[in-house]
Amino acid sequence: MAAQFGRRLRKGAATTAAAALAVAALSASQAPGATAGDTGRQTNAGASTSASDEVGTTDGATGDSPYYTDLPPLNSPNPSPSSSPTTPSSSIGTAVSRGAAEAGIPATVLDAYKRAEAELRDAKPGCNLPWQLLAAIGKVESGQARGGDVDAAGNTLHRILGPQLDGNGFALIKDTDGGQYDGNSQYDQAVGPMQFIPSTWAWAGRDGNGDGVKDPNNVYDAALAAGHYLCRYDWNLSVQADMNRAILSYNGSQEYLNLVLSWYEFYRRGTHSIPNGTGSVPGHRSDGKPASAGSGGSPKPDAPGTPKPGGPKPGNPKPGGPTTTPTPPPTATDTVDHLEDAGTAKLTAMAGDAFGKRISTRAETKAGRTVAKVRVRFTIVGDTDTTFTGGEKVATVTTDSKGVAVAPVLRAGEKTGDLTVRSSVVGRTVKGVDYAATVTARAADTLALVNATAPAGAPGAEFADQVQVKATYQGAAAGRVAATASLVKSADDTAENDKGPYFKDANGNPVRTLTGLTTDANGLLTLPKLYADDISGTFLLRITTTGGATLTVELTVAAAGPSSSPSPSPSPSGSASASASPSASATP
């Protein structure tokens with residue numbers, strides 16, 4: 001690939017010496033920040049592998065379509081006030097060109113990148129997405145939307161399509177969108193300024209400009225979708241290894257990684273806004289074909305699905321060519337007859353927790369043989385906020401050598417109840433498998449009194465201390481667990497006591513049962529203040545949680561002074577105490 005870079009540089013550089021310097025600069029750095037140990041990336045299933053092992057085994061955002069290979073200029077641009085990664089997105093005004101044309105980014109395109117960074121800063125702060133990374137990918141994928149060939153709303157003025165992925169020198173991805181985005185009902189093509197294939201856009205698409213539509217041909221939508229795509233799997237892009245994994249998940253090529261990192265470093269050193277439509281358009285493709293041959297930068301007129309006037313329709317023979325289209329050999333996907341469960345255990349998790357088991361699906365032929373290298377899509381359906389790790393509700397995984405695809409880890413949301421995870425084959429309608437999963441309420445199995453001694457009070461007075469307890473589940477703090485507290489008649493009679501200590505409602509009226517209580521994130525629950533009526537003695541406060549944890553606290557009400565004597569108490573010393581009832585550690 002280095003030789004190809006050299007040939008392309010010689011075509012575009014002013015002198016042979018300049019080209020040699022550019023190649024040397026790239027070779028010396030292998031793209032800033034990239035090392036042999038940093039090229040591993042994460043599969044859709046979440047397992048770490050090397051880039052070489054991974055190439056061709058996942059969808060990627062682009063289906064590994066061709067991309068532009070032009071290198072950044074040798075001389076970096078002078079930083080401008082708008083180049084800081086922490087500078088918020090500014091309004092689009094009259095742009096002023098400074099320095100090399102390559103350093104400028106069309107105004108609307110630049111605004112889309114910065115707006116996506118700002119939104120991801122709020123939505124996924126741990127990702128630390130820099131807008132310059134979006135700019136680098138946008139440069140490599142489409143030459144910044146063909147030099148900013150967009151309107152002020154971010155819509156591309158001419159469609160940007162990659163070549164059809166028909167297996168002829170590219171991956172084979174049969175149509176998944178009915179030609180909705182790419183106008184091709186036979187094969188998928190990468191679409192728009194960030195070059196998403198339709199099957200990826202189906203789950204990764206975002207509405208970046210707030211018009212209610214997720215359109216891969218809109219740079220605001222595409223930039224936000226790319227940001228979310230790069231931020232899945234809890235990657236932290238301020239860590240070089242995670243940034244490398246994210247870039248490789250976009251297009252599984254080491255050369256692609258090096259090139260994107262080169263542009264990223266270039267834009268980090270400074271850039272500026274230029275008017276829409278005035279940006280330079282790259283001239284070299286990764287497959288060695290001319291940029292006009294249908295690469296990620298090739299504009300296509302009219303709306304998706306509309307054939308180019310005078311040109312052949314997708315899938316039809318070209319004028320003067322053969323009258324029939326050769327039938328491509330069957331792919332692994334073509335041989336799949338159905339999906340089978342591959343031993344998935346019962347899927348149950350408490351709200352907020354990760355499911356302990358993962359979904360496993362096997363692709364089989366009609367004869368029951370397993371099929372490797374088949375893309376299986378897992379989709380979470382139902383009214384639920386449960387997601388896969390990374391916050392997505394759709395994940396695509398390629399079957400391994402045994403025909404098995406293992407879905408990413410499921411993380412339960414806060415909504416309890418049943419949900420379904422549906423598996424299907426990408427690019428083919430065959431029998432899939434639905435997996436039932438259940439999210440249960442947060443629970444505790446143990447309650448313990450935090451107070452050194454149980455609170456005590458005098459008749460007609462306020463208790464000096466509030467009751468505080470801690471809930472745990474299997475030894476860990478049980479946060480956000482529902483609880484109830486009630487003054488009861490006795491250990492055997494849990495009916496509400498109408499005498500003795502009480503709480504107060506908002507109007508100051510006595511209340512002896514509290515519902516709707518919730519432990520905090522650390523499992524702590526502090527009850528409201530207690531008040532005593534004019535009756536002395538020992539009284540029982542019973543606290544229960546979801547999951548069956550129960551704690552009974554003895555409260556003493558005694559008049560002050562040496563002559564006072566409390567009513568008979570279960571405690572031999574007559575002092576306040578707390579004890580767990582026989583069901584204190586009940587299993588939920």
# chains A, B, ... in the order shown; residues from 1 in each chain; ligands from 1
call {"tool": "select_by_dssp", "arguments": {"residues": "region 96-304 of chain A", "states": "strand (DSSP E or B)", "output": "list in words"}}
result
Gly104, Ile105, Pro106, Val150, Asn155, Thr156, Arg159, Ile160, Leu161, Asp166, Leu172, Lys174, Tyr187, Val191, Phe196, Asn218, His272, Ser273, Ile274, His284, Arg285, Pro290, Pro299 and Lys300 of chain A
call {"tool": "write_last_selection", "arguments": {"atoms": "C-alpha atoms", "output": "PDB file, in the first residue's frame"}}
result
ATOM      1  CA  GLY A 104     -10.061  24.800   5.132  1.00  0.00           C
ATOM      2  CA  ILE A 105     -13.302  22.942   5.875  1.00  0.00           C
ATOM      3  CA  PRO A 106     -16.577  24.107   4.256  1.00  0.00           C
ATOM      4  CA  VAL A 150     -24.206  21.099   0.538  1.00  0.00           C
ATOM      5  CA  ASN A 155     -28.263  18.513   2.606  1.00  0.00           C
ATOM      6  CA  THR A 156     -25.953  17.323  -0.148  1.00  0.00           C
ATOM      7  CA  ARG A 159     -25.981  12.376  -3.936  1.00  0.00           C
ATOM      8  CA  ILE A 160     -22.664  10.892  -2.803  1.00  0.00           C
ATOM      9  CA  LEU A 161     -22.495   7.145  -3.419  1.00  0.00           C
ATOM     10  CA  ASP A 166     -21.441  -6.638  -5.611  1.00  0.00           C
ATOM     11  CA  LEU A 172     -20.644  -8.534  -1.394  1.00  0.00           C
ATOM     12  CA  LYS A 174     -26.930  -7.477  -1.207  1.00  0.00           C
ATOM     13  CA  TYR A 187     -26.722  -4.321  -3.884  1.00  0.00           C
ATOM     14  CA  VAL A 191     -24.215   6.672   1.085  1.00  0.00           C
ATOM     15  CA  PHE A 196     -22.723   4.680   5.688  1.00  0.00           C
ATOM     16  CA  ASN A 218     -27.491  15.304   5.428  1.00  0.00           C
ATOM     17  CA  HIS A 272     -10.540  27.344   9.389  1.00  0.00           C
ATOM     18  CA  SER A 273     -13.930  27.757   7.773  1.00  0.00           C
ATOM     19  CA  ILE A 274     -14.272  28.315   4.030  1.00  0.00           C
ATOM     20  CA  HIS A 284      -7.030   9.324  -5.573  1.00  0.00           C
ATOM     21  CA  ARG A 285      -8.905   6.225  -4.427  1.00  0.00           C
ATOM     22  CA  PRO A 290      -9.977   7.439 -10.735  1.00  0.00           C
ATOM     23  CA  PRO A 299     -21.845  12.770  -6.806  1.00  0.00           C
ATOM     24  CA  LYS A 300     -25.094  11.258  -8.016  1.00  0.00           C
TER      25      LYS A 300
END
call {"tool": "residues_around", "arguments": {"residues": "Lys393 (chain A)", "least_positions_apart": "6", "cutoff": "8 Å", "atoms": "only C-alpha atoms", "output": "PyMOL selection string"}}
result
chain A and resi 203+379-380+386-387
call {"tool": "write_last_selection", "arguments": {"atoms": "N, CA and C atoms", "output": "CSV table (one decimal), in the first residue's frame"}}
result
chain,number,residue,atom,x,y,z
A,203,TRP,N,-29.6,1.2,11.9
A,203,TRP,CA,-29.5,1.3,13.4
A,203,TRP,C,-28.7,2.4,13.9
A,379,THR,N,-31.6,-7.2,17.5
A,379,THR,CA,-32.4,-6.0,17.7
A,379,THR,C,-33.2,-6.1,19.0
A,380,ILE,N,-33.1,-5.1,19.9
A,380,ILE,CA,-33.9,-5.1,21.1
A,380,ILE,C,-35.3,-4.5,20.7
A,386,THR,N,-33.6,-1.0,28.0
A,386,THR,CA,-32.4,-1.9,28.0
A,386,THR,C,-31.7,-1.8,26.7
A,387,THR,N,-30.4,-1.8,26.8
A,387,THR,CA,-29.5,-1.7,25.5
A,387,THR,C,-28.4,-2.7,25.6
call {"tool": "residues_around", "arguments": {"residues": "Ala560 (chain A)", "least_positions_apart": "6", "cutoff": "12 Å", "atoms": "only C-alpha atoms", "output": "short mmCIF file (atom, residue, chain, number, x, y, z; two decimals) with all heavy atoms, in the first residue's frame"}}
result
data_model
loop_
_atom_site.label_atom_id
_atom_site.label_comp_id
_atom_site.auth_asym_id
_atom_site.auth_seq_id
_atom_site.Cartn_x
_atom_site.Cartn_y
_atom_site.Cartn_z
N ALA A 456 -34.10 7.17 70.46
CA ALA A 456 -35.03 7.16 71.59
C ALA A 456 -35.61 8.56 71.75
O ALA A 456 -35.02 9.55 71.31
CB ALA A 456 -34.32 6.71 72.86
N GLY A 457 -36.77 8.63 72.42
CA GLY A 457 -37.41 9.93 72.61
C GLY A 457 -38.17 9.99 73.92
O GLY A 457 -38.35 8.97 74.60
N ALA A 458 -38.62 11.18 74.27
CA ALA A 458 -39.42 11.39 75.47
C ALA A 458 -40.87 11.61 75.05
O ALA A 458 -41.14 12.06 73.94
CB ALA A 458 -38.89 12.58 76.25
N PRO A 459 -41.84 11.27 75.94
CA PRO A 459 -43.25 11.48 75.60
C PRO A 459 -43.53 12.92 75.16
O PRO A 459 -43.06 13.89 75.77
CB PRO A 459 -43.97 11.15 76.91
CG PRO A 459 -43.05 10.21 77.62
CD PRO A 459 -41.66 10.69 77.28
N GLY A 460 -44.26 13.04 74.04
CA GLY A 460 -44.64 14.34 73.53
C GLY A 460 -43.52 15.13 72.91
O GLY A 460 -43.68 16.32 72.61
N ALA A 461 -42.37 14.49 72.66
CA ALA A 461 -41.21 15.21 72.13
C ALA A 461 -40.73 14.58 70.82
O ALA A 461 -41.15 13.49 70.42
CB ALA A 461 -40.08 15.20 73.15
N SER A 536 -45.42 6.13 77.03
CA SER A 536 -44.07 5.61 77.18
C SER A 536 -44.05 4.11 76.88
O SER A 536 -45.09 3.44 76.91
CB SER A 536 -43.57 5.83 78.62
OG SER A 536 -43.50 7.21 78.92
N PRO A 566 -39.50 3.08 81.96
CA PRO A 566 -40.23 2.77 80.74
C PRO A 566 -41.11 1.55 80.91
O PRO A 566 -40.98 0.79 81.85
CB PRO A 566 -39.11 2.49 79.73
CG PRO A 566 -37.95 2.02 80.55
CD PRO A 566 -38.06 2.79 81.86
#
call {"tool": "residues_around", "arguments": {"residues": "region 353-358 of chain A", "least_positions_apart": "3", "cutoff": "7 Å", "atoms": "only C-alpha atoms", "output": "list in words"}}
result
Thr344, Ala345, Leu347, Thr348, Ala349, Met350, Val406, Ala407, Pro408, Val409, Leu410, Arg411 and Ala412 of chain A
call {"tool": "residues_around", "arguments": {"residues": "Asp400 (chain A)", "least_positions_apart": "3", "cutoff": "6 Å", "atoms": "only C-alpha atoms", "output": "PDB file with C-alpha atoms, in the first residue's frame"}}
result
ATOM      1  CA  ALA A 372     -19.544 -19.132   9.019  1.00  0.00           C
ATOM      2  CA  GLY A 403     -21.507 -20.609  12.629  1.00  0.00           C
ATOM      3  CA  VAL A 404     -22.179 -18.944  15.982  1.00  0.00           C
TER       4      VAL A 404
END
call {"tool": "atom_distance", "arguments": {"atom1": "CA of Val553 (chain A)", "atom2": "CA of Ala441 (chain A)"}}
result
25.2 Å
call {"tool": "atom_distance", "arguments": {"atom1": "CA of Leu165 (chain A)", "atom2": "CA of Asp188 (chain A)"}}
result
5.7 Å
call {"tool": "closest_residue", "arguments": {"among": "A:Tyr473, A:Tyr250, A:Phe266, A:Phe463", "to": "Leu555 (chain A)", "atoms": "only C-alpha atoms"}}
result
A:Phe463
call {"tool": "closest_residue", "arguments": {"among": "A:Asn128, A:Gln254, A:Thr384, A:Ser490", "to": "Leu541 (chain A)", "atoms": "only C-alpha atoms"}}
result
A:Ser490
call {"tool": "atom_distance", "arguments": {"atom1": "CA of Gly382 (chain A)", "atom2": "CA of Tyr435 (chain A)"}}
result
11.9 Å
call {"tool": "closest_residue", "arguments": {"among": "A:Ala485, A:Gly210, A:Thr538, A:Asp149", "to": "Lys499 (chain A)", "atoms": "only C-alpha atoms"}}
result
A:Thr538
call {"tool": "closest_residue", "arguments": {"among": "A:Thr546, A:Thr440, A:Pro455, A:Phe378", "to": "Thr484 (chain A)", "atoms": "only C-alpha atoms"}}
result
A:Thr546
